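What follows is one structure encoded as structure tokens, with my remarks underneath.
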4 protein chains.
Amino acid sequence: MEQKKVAYQVNENSCEFFNNQVDFCVGTGRMGLALQKAYQEQLAMNQAEIGFKHIRGHGLFSDDMAIYQEYKDPEGNVQVEYNFTYLDMVMDYYKEQAIKPFLELGFMPAKMASGDQTVFYWKGNVTPPAKYENWQALVQATLKHLMERYGEAEVLTWPIEVWNEPNLPGFWKGADMEEYFKLFQKTFEAVKELDNRFKIGGPAICGVDDVRWLREFLEFCEREKIYPDFITRHHYMFEKPDFDGHYTYAPLRNPWETLEELKVSRELIDSYPNMKGLPMHITEFNTSYSPDSPVHDTVKNASYIAWQLSHMGQYSDSYSYWTFGDIFEEKGVPFTPFHGGFGLVANGLIPKPTFWTFAFMKSLQGTCLKCSDELTLVKTEEGSYRGIAYNMCFDKQQVLNLTLELEAGEETEWCLCTKLVDEEHANPLKVWHDLGEPSHLNKEQLKLLRGVAVPYVQSKALQAKDNKVTLEMELLPYGLTWFEVKPVHCRSDRGFDYSRAVQ
Amino acid sequence: MEQKKVAYQVNENSCEFFNNQVDFCVGTGRMGLALQKAYQEQLAMNQAEIGFKHIRGHGLFSDDMAIYQEYKDPEGNVQVEYNFTYLDMVMDYYKEQAIKPFLELGFMPAKMASGDQTVFYWKGNVTPPAKYENWQALVQATLKHLMERYGEAEVLTWPIEVWNEPNLPGFWKGADMEEYFKLFQKTFEAVKELDNRFKIGGPAICGVDDVRWLREFLEFCEREKIYPDFITRHHYMFEKPDFDGHYTYAPLRNPWETLEELKVSRELIDSYPNMKGLPMHITEFNTSYSPDSPVHDTVKNASYIAWQLSHMGQYSDSYSYWTFGDIFEEKGVPFTPFHGGFGLVANGLIPKPTFWTFAFMKSLQGTCLKCSDELTLVKTEEGSYRGIAYNMCFDKQQVLNLTLELEAGEETEWCLCTKLVDEEHANPLKVWHDLGEPSHLNKEQLKLLRGVAVPYVQSKALQAKDNKVTLEMELLPYGLTWFEVKPVHCRSDRGFDYSRAVQ
Amino acid sequence: MEQKKVAYQVNENSCEFFNNQVDFCVGTGRMGLALQKAYQEQLAMNQAEIGFKHIRGHGLFSDDMAIYQEYKDPEGNVQVEYNFTYLDMVMDYYKEQAIKPFLELGFMPAKMASGDQTVFYWKGNVTPPAKYENWQALVQATLKHLMERYGEAEVLTWPIEVWNEPNLPGFWKGADMEEYFKLFQKTFEAVKELDNRFKIGGPAICGVDDVRWLREFLEFCEREKIYPDFITRHHYMFEKPDFDGHYTYAPLRNPWETLEELKVSRELIDSYPNMKGLPMHITEFNTSYSPDSPVHDTVKNASYIAWQLSHMGQYSDSYSYWTFGDIFEEKGVPFTPFHGGFGLVANGLIPKPTFWTFAFMKSLQGTCLKCSDELTLVKTEEGSYRGIAYNMCFDKQQVLNLTLELEAGEETEWCLCTKLVDEEHANPLKVWHDLGEPSHLNKEQLKLLRGVAVPYVQSKALQAKDNKVTLEMELLPYGLTWFEVKPVHCRSDRGFDYSRAVQ
Amino acid sequence: MEQKKVAYQVNENSCEFFNNQVDFCVGTGRMGLALQKAYQEQLAMNQAEIGFKHIRGHGLFSDDMAIYQEYKDPEGNVQVEYNFTYLDMVMDYYKEQAIKPFLELGFMPAKMASGDQTVFYWKGNVTPPAKYENWQALVQATLKHLMERYGEAEVLTWPIEVWNEPNLPGFWKGADMEEYFKLFQKTFEAVKELDNRFKIGGPAICGVDDVRWLREFLEFCEREKIYPDFITRHHYMFEKPDFDGHYTYAPLRNPWETLEELKVSRELIDSYPNMKGLPMHITEFNTSYSPDSPVHDTVKNASYIAWQLSHMGQYSDSYSYWTFGDIFEEKGVPFTPFHGGFGLVANGLIPKPTFWTFAFMKSLQGTCLKCSDELTLVKTEEGSYRGIAYNMCFDKQQVLNLTLELEAGEETEWCLCTKLVDEEHANPLKVWHDLGEPSHLNKEQLKLLRGVAVPYVQSKALQAKDNKVTLEMELLPYGLTWFEVKPVHCRSDRGFDYSRAVQ
């Protein structure tokens, strides 16, 4: 196999731009699923290892959440009442997991809707409200209830986004732009009337006709003097797919090209003086936009996403991986544990390779010394070097040989720790395949797959030379490794001699 | 490095002797330590993964258990009372963990003792009782209490052993053989008087002057017509050691020679017609007999013990590894997490390589097809092959290449699963060393070491050829691998194509 | 308030009929809800304290379980496939909780149905299958899958019931009796074809036109020589209700009259020689048949059910309380924690008074000495007396004074333990009312209500006189008390004097 | 029984002094016991319900903690080394439970001691160090290690106390005052040399010859210009006791008189201008000073301590109940679960009545409106009234009738919640006695006693009249009740009618 050799020297003047927002937000299946035990376990696994700050998904107002209710009073008039029983159960759990909602207002309660068009297996109604005042009342009542239960100060830190991907006719009837702007305006007014300090944004578009939509949205905001607190868009990287049975296949797009789209959005926003510098949140991103794309479960996905996490912060203020787990029903209930779902965690509580991309990236806190196509490296406050190297292999498979020369100062003894994810490590999809792709895992298989789904942890003693410490790493195609290089001051216990121990 | 190549064909006529008693019993630090949280966590880890049936250790009657008490009555006479508070706490925990005691009666309560000689940092009194009737009353009261609390039928399944290593003057004053026989006889009578169905045995000797001791003991039994229900001895495999600071170093003995000692004991017992075939329990075994021998924490230990576990059953009915965990104070409190303790689990709840030897061996249930110097292999009831291969490297370091040819019958697709332990896998000692041998682990180090301390799990698809399925394994020096070979009937979900997924 | 005085003498000849099947089966909200965390916690609370053996509910084949699926093959033909992902998740949880399903086959998957009539807020389709062969294939595929996953022997112990309350037009289109018999026959044949050892029954009728339905069903069985393995019916005790807002109110029926209905069913079955003695299972019972009847949450319910549990076994082989918990959506999502749901446990994991009726009744194992309108009493194997006394107050409120004289044999010292449930004890509904009926409980309120929701435990020393021990109990209206009377042999510790301690 | 009637009106001008330091510190059995599972469970129960900030006990330097070690180097010279393995385990657990040590420096490591006098069953050495420089080095090494592991800023918040009760010859050889002052001075210098910001105090005296000791200590401090950061003393309230078998009995002292002693200490300190206002910490208090006094387990103790907690803050800055749990070995291992131990929690994890005194008192945060011989009452920030009423019955048994009239403002509907502890509520000792005082609890008994050991929670709706809300409470002798009075705004769900529900 071809070799790609890269060597970097990093010294005290090195400094590169890297906006690490890996933990700002994560996507989720519809809110009603948050009542499920398996959902909660998968979220807990994410929070224990990664610790996201916000969570965003669809279905807040969909019928299974049961919030909007109507009844006839004794005079026969239709009256409205709200039921926050399930909402509280969901929000209580989020609070328990120290994660805050990034509220997406949608979809439409069937009883309030103007039509019966729905999206997804779980039938979210995607038509405008029959009466906008009912919608406004619902939004206000919901926010008010949340403030009563969780405190004003807390709820004001929850961003609010209006609807999801209105630029697609599947998500918003007719992809009717004017109607969306009306929805945005009505919602904006209702929210700000309740409390002016709320942060609210849109238009939550995906990458279809997105430039036109964004421009029109910004024009509308200028025209109506409705200045959103942030702008949102989505970011997927899949070529036009093939379909086969339950599954969707396609190559990944050129990553540098995908990044360019974000740049275009950013520059468009900044071209409006009143909106220049507004935060831009990517409220969804992933490789494929379909929850039945086997690529999601692969090591390839993990390294591709590592590259994206290293670079997206250049143009956006946050980016929310779609989604944390595989309890998800948009295309129906999956038939097998590995089925190309969006999740970082597969059903059965098995972390996928990309889970580790996030866990690794989370630890990169400090001064960024390098952010390239092969690695991101920071120096921590404590003086260690920490990084992720990834062999993304976008257009051809090759082995990556990476040499890093780091400043060692006065320290002579160092320890390199690595955590490896590749074809043969932390790759449960492969083992599941070798086991015959069982659709229903028994206890033994579950235990085996969980045992497989952990990075390979290694350490190595390094010696500095001429005030430099040098490390060499080799990564198989799509391989990904976390590493840390720390000075070591060995204080052996009296009489302990490692070399005699292992003799 | 030198290569050792071994190839075996196993067919339906293969059948070897292998008496798998890996889970019959395990050793423990003194009973008083069983009150500790860390002790309980380590035992729980053993039970979850291995599931021992019995547990044996010292100190049932030592002062920290507080069982034997004296006081003066109003007339000034010394009276005896028993305190079973701690005993119940320990036994309740054992019950919770589904492990039964293998009761070792000892050491002597200080107030009942004839002298003040003690053993260990924790000062177990090793002198005979001042009055044997007090000892007999204590034994009976204790057994009676246990029967009341845990049920007669249950307590009768707990074997009873009289004292520990009386052939060493450190453990029994003067290694006084006649006095030990007296103790045995008095105890035997007290126990059988309480309930004739109890199983009681001895002489619990270690390998010093052991042939003479065993012969004299058997003679004594014959002479006195006191027929024990089983015979016990210990089994260590360490050469004469060097000492340095807190530590003890020595090479391991030739394993085939150590086995010979067991054979001698076995044959000696069988030479007495009235005791022929009596169960022989090895109530302690390990490589080194000192809880400060770094070898215990190594991969070398793991493969050496794998060999022993494969072979000891030839001459003995059980063998109890000394010990399950590192909460242990015989030579004082250890200064560091890795300190050569006996335990399968290091302090900090980190499994050592030998822990996996036990976990792997436990799974070898079925018909033994091969039991050699390199592997033990069984065929399970479900029709899979399961085995452990070990590169023990007793006298020289070499790489082991192992080829196995197995009957495949009509099955064409197979899956090989392996779990590897070697220098670079499941070897926390090495990583701890590279980290600078920290004596006090912080949370991050603990998490890292626990992450390290797991076998490397891999799978591989195999194709049968001519009704045979062949596997090849390579093991580095001291490497150890569990493997399973199972037929696979792949039922891919509609449209799922693994090769497209990972393309 | 009026007093009701009752005194019983119980001696060695006392013996009454009491068929304690309190733990045989319990009802549940639709199966899809079993995925929820709160559902699982409520079930776990039931299992920890009561330990039901079976669980029965609706919705196995409803769309949210996602089992029955159709798709078009490349040729455009509709094909069927089954998805057991959620079914396994539910059954795995039941297994974890050591509870077995009492399988109710229903309702109809929308795609397989002949019509679109639905029942409940959650829209269970209640029309016959469009093609019976599809239904038969579904039943067989599901049972086959369960046998593969959980083992043949195990699944054969799960009773199978065909549909639910076909005698109501809301549950079975047109309450079409002939169509139900067809469904029964087709299902019976499919199940027995798969494995003749399955136990299958019906007709799962409620008390509307029930005598006619049962007679016709038995006639049909005779005629077609389809002998079911058991007969099922339901048992509710509510007068014709009033409705107000979300709630349903009505008085409870005369309990002796309700019992009479069971007797009629029992005698009807026994009048058919081929079915005489067939087990009759009450697969649902409760006071009200509506999940919004505040009576369910009261102490009144607890004592009324105590009477029923004491008497129902006379005519039936089991009786399944509808339901164990308040995660339930038949009339929508409840607005408040206490809302008259069927559950033994309220949302927020708060046991209701009737929960304790079950917990108390579960402990009545032994020889029944008394089973009356005020109490049920057994003598346990260990020689203690155990009972429940209840002041059911069906037609008027009165205080119950109960005197019991029990044989004491040679024992002189006894201890009476009681656990009381009444207006002021274990009655969270009252406290919730006093708190202002909050619809959303905060943590403090939750803790308070859980603290309230426990019986009041008391003990009392009793002295036997003339070989009799006598106890007197007073119960407020609707009060309920568990009691145990045990001989005591006090062995005070040396020097301990309780009277000095509390002086 | 006699009645004591008390009525209080509390209005907006009411304000009384009440220094609520109930959670500042709690006592513990010797530090080595903190390794035990049962100890940890008991502490966790305390922390969950009460949440103490500090914990203080003996034995930091005693031999079972294994900190101070000596060995001979190859030249035969004695060298010192420190072992912090167990110390870290204990401190890690304290950190996990969010409790900080109040460090008591003592007792003497046997190897460092000048004599062999010991105290307690567990043999703490109470002699001065053979060489004070060894003691100083030990103190510094220990503090230094703690700072390394837990952070400087954190460890500086841990108060340091020198030794325990040196005014008793049992705790300090000969109760040698001059020697104690030397110890204090040497320790003070060592600690302040390490970091001047440490807070250090003494003399930790109990109430024997305490005025003289305190005066001499303050004189010494003045003379040597060693100004401690705080003063410590103990506070017990037991008359001269009788002994019987394992137990110690005596009446409690007049509580007003005991308080007077604290006042004397306080005034003595304040009479020294350089030490005026120095914090005075009561580092131990309880009724009896012996861990075998049955009074500790009684309801009497609970109400007596309630009075003390209400009043002690008048003269002291904190007061540390001796002790949180019954894992404690000063007079040996207890024979029975209830044995008059100091603990708030009995062995078996059963809270004693006094546990609730602490839990109740903890909730009294707000402005104190009343602090009397019968109750302490605060108004919380949220506007509710919260209090504890106690019928201490010091010199004669009487029923307490308490009437409280509180300002209601505009609120008309109120809810009174009470939690009662008395002879028949939350009193496991009585039930255990009635059960025959079993020395070894089986599972059923444990469950029963835990079920007993909870306060009786009740609620009651109150109506304000003339802007006042009035409550009346009756307490049996030694009874204790927590209460809260809160305004209620009932928002009944649509159609819900409580009176119909319970009709």
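The way I read the labels, and the way they are meant: chains A, B, ... in the order of the structure tokens, residue 1 as the first residue of every chain, and ligand 1 as the first ligand shown, with later ones counted on from there.
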Assign secondary structure with DSSP using the backbone only, and return the residues of segment 62-222 of chain A in alpha helix (DSSP H) as a PyMOL selection string.
chain A and resi 85-96+132-150+152-155+177-194+210-222
Set the distance at 9 Å and use only C-alpha atoms: which residues neighbour Thr28 of chain B once local chain neighbours fewer than 3 positions away are removed? I'd like the list as a PyMOL selection string.
chain B and resi 31+33-34+55-58+321-328+343
Print the selection's residues with all heavy atoms to a file, as a tab-separated table (two decimals), in the first residue's frame.
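Output (result-v4.tsv):
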chain	number	residue	atom	x	y	z
B	31	MET	N	-9.37	-12.61	56.93
B	31	MET	CA	-10.82	-12.41	56.91
B	31	MET	C	-11.23	-11.00	57.34
B	31	MET	O	-12.18	-10.44	56.79
B	31	MET	CB	-11.49	-13.45	57.79
B	31	MET	CG	-12.98	-13.48	57.58
B	31	MET	SD	-13.76	-14.88	58.39
B	31	MET	CE	-13.38	-16.19	57.22
B	33	LEU	N	-10.05	-8.26	56.64
B	33	LEU	CA	-9.99	-7.31	55.52
B	33	LEU	C	-11.24	-7.36	54.66
B	33	LEU	O	-11.50	-6.44	53.88
B	33	LEU	CB	-8.76	-7.60	54.66
B	33	LEU	CG	-7.41	-7.35	55.34
B	33	LEU	CD1	-6.27	-7.83	54.44
B	33	LEU	CD2	-7.24	-5.87	55.66
B	34	ALA	N	-12.01	-8.42	54.81
B	34	ALA	CA	-13.23	-8.56	54.00
B	34	ALA	C	-14.27	-7.51	54.35
B	34	ALA	O	-15.27	-7.35	53.65
B	34	ALA	CB	-13.80	-9.96	54.15
B	55	ILE	N	-13.88	-19.60	48.86
B	55	ILE	CA	-12.83	-18.64	49.19
B	55	ILE	C	-12.18	-19.07	50.49
B	55	ILE	O	-12.85	-19.48	51.42
B	55	ILE	CB	-13.42	-17.22	49.30
B	55	ILE	CG1	-12.33	-16.18	49.47
B	55	ILE	CG2	-14.49	-17.11	50.39
B	55	ILE	CD1	-12.80	-14.76	49.23
B	56	ARG	N	-10.85	-19.00	50.52
B	56	ARG	CA	-10.11	-19.47	51.69
B	56	ARG	C	-9.02	-18.48	52.07
B	56	ARG	O	-8.29	-17.99	51.21
B	56	ARG	CB	-9.45	-20.82	51.38
B	56	ARG	CG	-8.52	-21.29	52.51
B	56	ARG	CD	-7.60	-22.39	52.04
B	56	ARG	NE	-6.58	-22.71	53.03
B	56	ARG	CZ	-5.44	-22.03	53.15
B	56	ARG	NH1	-5.16	-21.02	52.36
B	56	ARG	NH2	-4.55	-22.39	54.09
B	57	GLY	N	-8.95	-18.19	53.34
B	57	GLY	CA	-7.88	-17.31	53.82
B	57	GLY	C	-7.67	-17.50	55.30
B	57	GLY	O	-8.35	-18.31	55.95
B	58	HIS	N	-6.71	-16.74	55.84
B	58	HIS	CA	-6.37	-16.87	57.26
B	58	HIS	C	-7.20	-15.93	58.12
B	58	HIS	O	-7.89	-15.05	57.63
B	58	HIS	CB	-4.89	-16.53	57.48
B	58	HIS	CG	-3.97	-17.15	56.50
B	58	HIS	ND1	-4.09	-18.44	56.06
B	58	HIS	CD2	-2.87	-16.63	55.85
B	58	HIS	CE1	-3.11	-18.71	55.20
B	58	HIS	NE2	-2.37	-17.63	55.04
B	321	TYR	N	-5.89	-20.25	43.85
B	321	TYR	CA	-4.89	-19.22	43.59
B	321	TYR	C	-4.82	-18.28	44.77
B	321	TYR	O	-5.84	-17.81	45.28
B	321	TYR	CB	-5.26	-18.42	42.35
B	321	TYR	CG	-4.17	-17.48	41.85
B	321	TYR	CD1	-3.05	-17.98	41.20
B	321	TYR	CD2	-4.27	-16.10	42.02
B	321	TYR	CE1	-2.05	-17.13	40.72
B	321	TYR	CE2	-3.29	-15.24	41.56
B	321	TYR	CZ	-2.17	-15.77	40.91
B	321	TYR	OH	-1.19	-14.92	40.44
B	322	TRP	N	-3.62	-17.99	45.17
B	322	TRP	CA	-3.39	-17.13	46.33
B	322	TRP	C	-2.90	-15.78	45.84
B	322	TRP	O	-1.77	-15.67	45.47
B	322	TRP	CB	-2.36	-17.84	47.24
B	322	TRP	CG	-2.11	-17.16	48.55
B	322	TRP	CD1	-1.03	-16.42	48.90
B	322	TRP	CD2	-2.97	-17.17	49.69
B	322	TRP	NE1	-1.15	-15.97	50.18
B	322	TRP	CE2	-2.33	-16.42	50.69
B	322	TRP	CE3	-4.21	-17.73	49.95
B	322	TRP	CZ2	-2.91	-16.20	51.94
B	322	TRP	CZ3	-4.78	-17.52	51.18
B	322	TRP	CH2	-4.13	-16.77	52.18
B	323	THR	N	-3.78	-14.76	45.59
B	323	THR	CA	-5.10	-14.50	46.08
B	323	THR	C	-5.90	-13.75	45.01
B	323	THR	O	-5.33	-13.33	44.01
B	323	THR	CB	-5.07	-13.57	47.33
B	323	THR	OG1	-4.47	-12.30	46.92
B	323	THR	CG2	-4.23	-14.15	48.46
B	324	PHE	N	-7.17	-13.46	45.30
B	324	PHE	CA	-7.99	-12.79	44.30
B	324	PHE	C	-7.66	-11.30	44.15
B	324	PHE	O	-7.88	-10.72	43.10
B	324	PHE	CB	-9.48	-12.96	44.60
B	324	PHE	CG	-9.97	-12.09	45.72
B	324	PHE	CD1	-10.32	-10.76	45.48
B	324	PHE	CD2	-10.06	-12.57	47.02
B	324	PHE	CE1	-10.77	-9.96	46.53
B	324	PHE	CE2	-10.50	-11.77	48.05
B	324	PHE	CZ	-10.85	-10.46	47.81
B	325	GLY	N	-7.15	-10.69	45.24
B	325	GLY	CA	-6.94	-9.23	45.18
B	325	GLY	C	-5.78	-8.78	46.03
B	325	GLY	O	-5.20	-9.55	46.78
B	326	ASP	N	-5.44	-7.52	45.91
B	326	ASP	CA	-4.25	-6.98	46.55
B	326	ASP	C	-4.52	-6.24	47.86
B	326	ASP	O	-3.64	-5.59	48.40
B	326	ASP	CB	-3.49	-6.06	45.59
B	326	ASP	CG	-2.48	-6.83	44.75
B	326	ASP	OD1	-2.34	-8.06	44.96
B	326	ASP	OD2	-1.83	-6.22	43.89
B	327	ILE	N	-5.76	-6.30	48.37
B	327	ILE	CA	-5.99	-5.82	49.74
B	327	ILE	C	-5.48	-6.93	50.64
B	327	ILE	O	-6.12	-7.99	50.77
B	327	ILE	CB	-7.49	-5.51	49.98
B	327	ILE	CG1	-7.93	-4.36	49.11
B	327	ILE	CG2	-7.74	-5.21	51.45
B	327	ILE	CD1	-7.31	-3.02	49.44
B	328	PHE	N	-4.35	-6.70	51.23
B	328	PHE	CA	-3.57	-7.79	51.83
B	328	PHE	C	-2.50	-7.11	52.68
B	328	PHE	O	-1.89	-6.16	52.24
B	328	PHE	CB	-2.93	-8.57	50.67
B	328	PHE	CG	-2.40	-9.91	51.02
B	328	PHE	CD1	-3.24	-11.01	51.02
B	328	PHE	CD2	-1.07	-10.09	51.35
B	328	PHE	CE1	-2.75	-12.28	51.34
B	328	PHE	CE2	-0.57	-11.34	51.67
B	328	PHE	CZ	-1.42	-12.44	51.66
B	343	GLY	N	-2.51	-10.64	44.26
B	343	GLY	CA	-3.86	-10.52	43.70
B	343	GLY	C	-4.00	-10.67	42.20
B	343	GLY	O	-3.11	-10.33	41.42
Please return, as an NGL selection string, all residues of chain A lying within 6 Å of chain C when only C-alpha atoms are considered.
:A and (35-37 or 83 or 335)
Pick out the residues sitting within 7 Å of Ser320 of chain D, and hand them over as a CSV table (one decimal) with all heavy atoms, in the first residue's frame; count only C-alpha atoms, and ignore anything fewer than 6 positions along from it in its own chain.
chain,number,residue,atom,x,y,z
D,25,CYS,N,-19.8,20.1,61.2
D,25,CYS,CA,-18.8,19.0,61.4
D,25,CYS,C,-19.5,17.8,62.1
D,25,CYS,O,-20.5,18.0,62.9
D,25,CYS,CB,-17.6,19.5,62.3
D,25,CYS,SG,-16.2,18.3,62.4
D,26,VAL,N,-19.0,16.6,61.9
D,26,VAL,CA,-19.5,15.4,62.6
D,26,VAL,C,-18.3,14.6,63.0
D,26,VAL,O,-17.3,14.6,62.3
D,26,VAL,CB,-20.5,14.7,61.7
D,26,VAL,CG1,-19.9,13.9,60.6
D,26,VAL,CG2,-21.4,13.8,62.6
D,27,GLY,N,-18.5,13.8,64.1
D,27,GLY,CA,-17.5,12.9,64.5
D,27,GLY,C,-17.5,11.6,63.9
D,27,GLY,O,-18.5,11.2,63.3
D,282,ILE,N,-16.7,23.2,69.2
D,282,ILE,CA,-16.9,22.1,70.1
D,282,ILE,C,-16.6,20.9,69.2
D,282,ILE,O,-17.5,20.5,68.4
D,282,ILE,CB,-18.3,22.0,70.6
D,282,ILE,CG1,-18.6,23.3,71.4
D,282,ILE,CG2,-18.6,20.8,71.5
D,282,ILE,CD1,-20.0,23.5,71.9
D,283,THR,N,-15.5,20.3,69.3
D,283,THR,CA,-15.1,19.2,68.3
D,283,THR,C,-15.6,17.8,68.7
D,283,THR,O,-15.4,16.9,68.0
D,283,THR,CB,-13.6,19.2,68.1
D,283,THR,OG1,-12.9,19.2,69.4
D,283,THR,CG2,-13.1,20.4,67.4
D,284,GLU,N,-16.3,17.8,69.8
D,284,GLU,CA,-17.1,16.6,70.2
D,284,GLU,C,-18.2,17.0,71.1
D,284,GLU,O,-18.0,17.8,72.0
D,284,GLU,CB,-16.3,15.5,71.0
D,284,GLU,CG,-15.3,14.8,70.2
D,284,GLU,CD,-14.5,13.7,71.0
D,284,GLU,OE1,-15.1,13.3,72.0
D,284,GLU,OE2,-13.4,13.3,70.6
D,285,PHE,N,-19.4,16.4,70.8
D,285,PHE,CA,-20.5,16.5,71.9
D,285,PHE,C,-21.4,15.4,71.7
D,285,PHE,O,-21.5,14.8,70.6
D,285,PHE,CB,-21.2,17.9,71.8
D,285,PHE,CG,-22.3,18.0,70.8
D,285,PHE,CD1,-23.6,17.8,71.1
D,285,PHE,CD2,-22.0,18.2,69.5
D,285,PHE,CE1,-24.7,17.9,70.2
D,285,PHE,CE2,-23.0,18.3,68.5
D,285,PHE,CZ,-24.4,18.1,68.9
Could you name the residues that touch Tyr272 of chain B at 9 Å or less, counting only C-alpha atoms, but leaving out those on the same chain fewer than 6 positions away, as JSON, numbers by chain?
{"B": [218, 219, 222]}
Writer output for current selection, N, CA and C atoms, as a short mmCIF file (atom, residue, chain, number, x, y, z; two decimals), in the first residue's frame:
data_model
loop_
_atom_site.label_atom_id
_atom_site.label_comp_id
_atom_site.auth_asym_id
_atom_site.auth_seq_id
_atom_site.Cartn_x
_atom_site.Cartn_y
_atom_site.Cartn_z
N LEU B 218 -0.40 -38.95 57.57
CA LEU B 218 -1.21 -40.08 57.14
C LEU B 218 -1.06 -41.23 58.14
N GLU B 219 0.17 -41.42 58.61
CA GLU B 219 0.42 -42.45 59.62
C GLU B 219 -0.41 -42.17 60.87
N GLU B 222 -4.03 -42.95 60.31
CA GLU B 222 -4.24 -44.40 60.36
C GLU B 222 -4.22 -44.89 61.79
#
Just list as a ChimeraX atom specification whatever in segment 1-161 of chain C DSSP marks as strand (DSSP E or B).
/C:3-10,25-28,36,54-57,68-72,78-82,100-101,103-105,108,113,118-119,124-125,129,160-161
Test item: residues at most 9 Å from Pro477 of chain D, only C-alpha atoms, excluding those fewer than 5 positions along its chain, as a PyMOL selection string:
chain D and resi 300+390-393+396-400+422-423
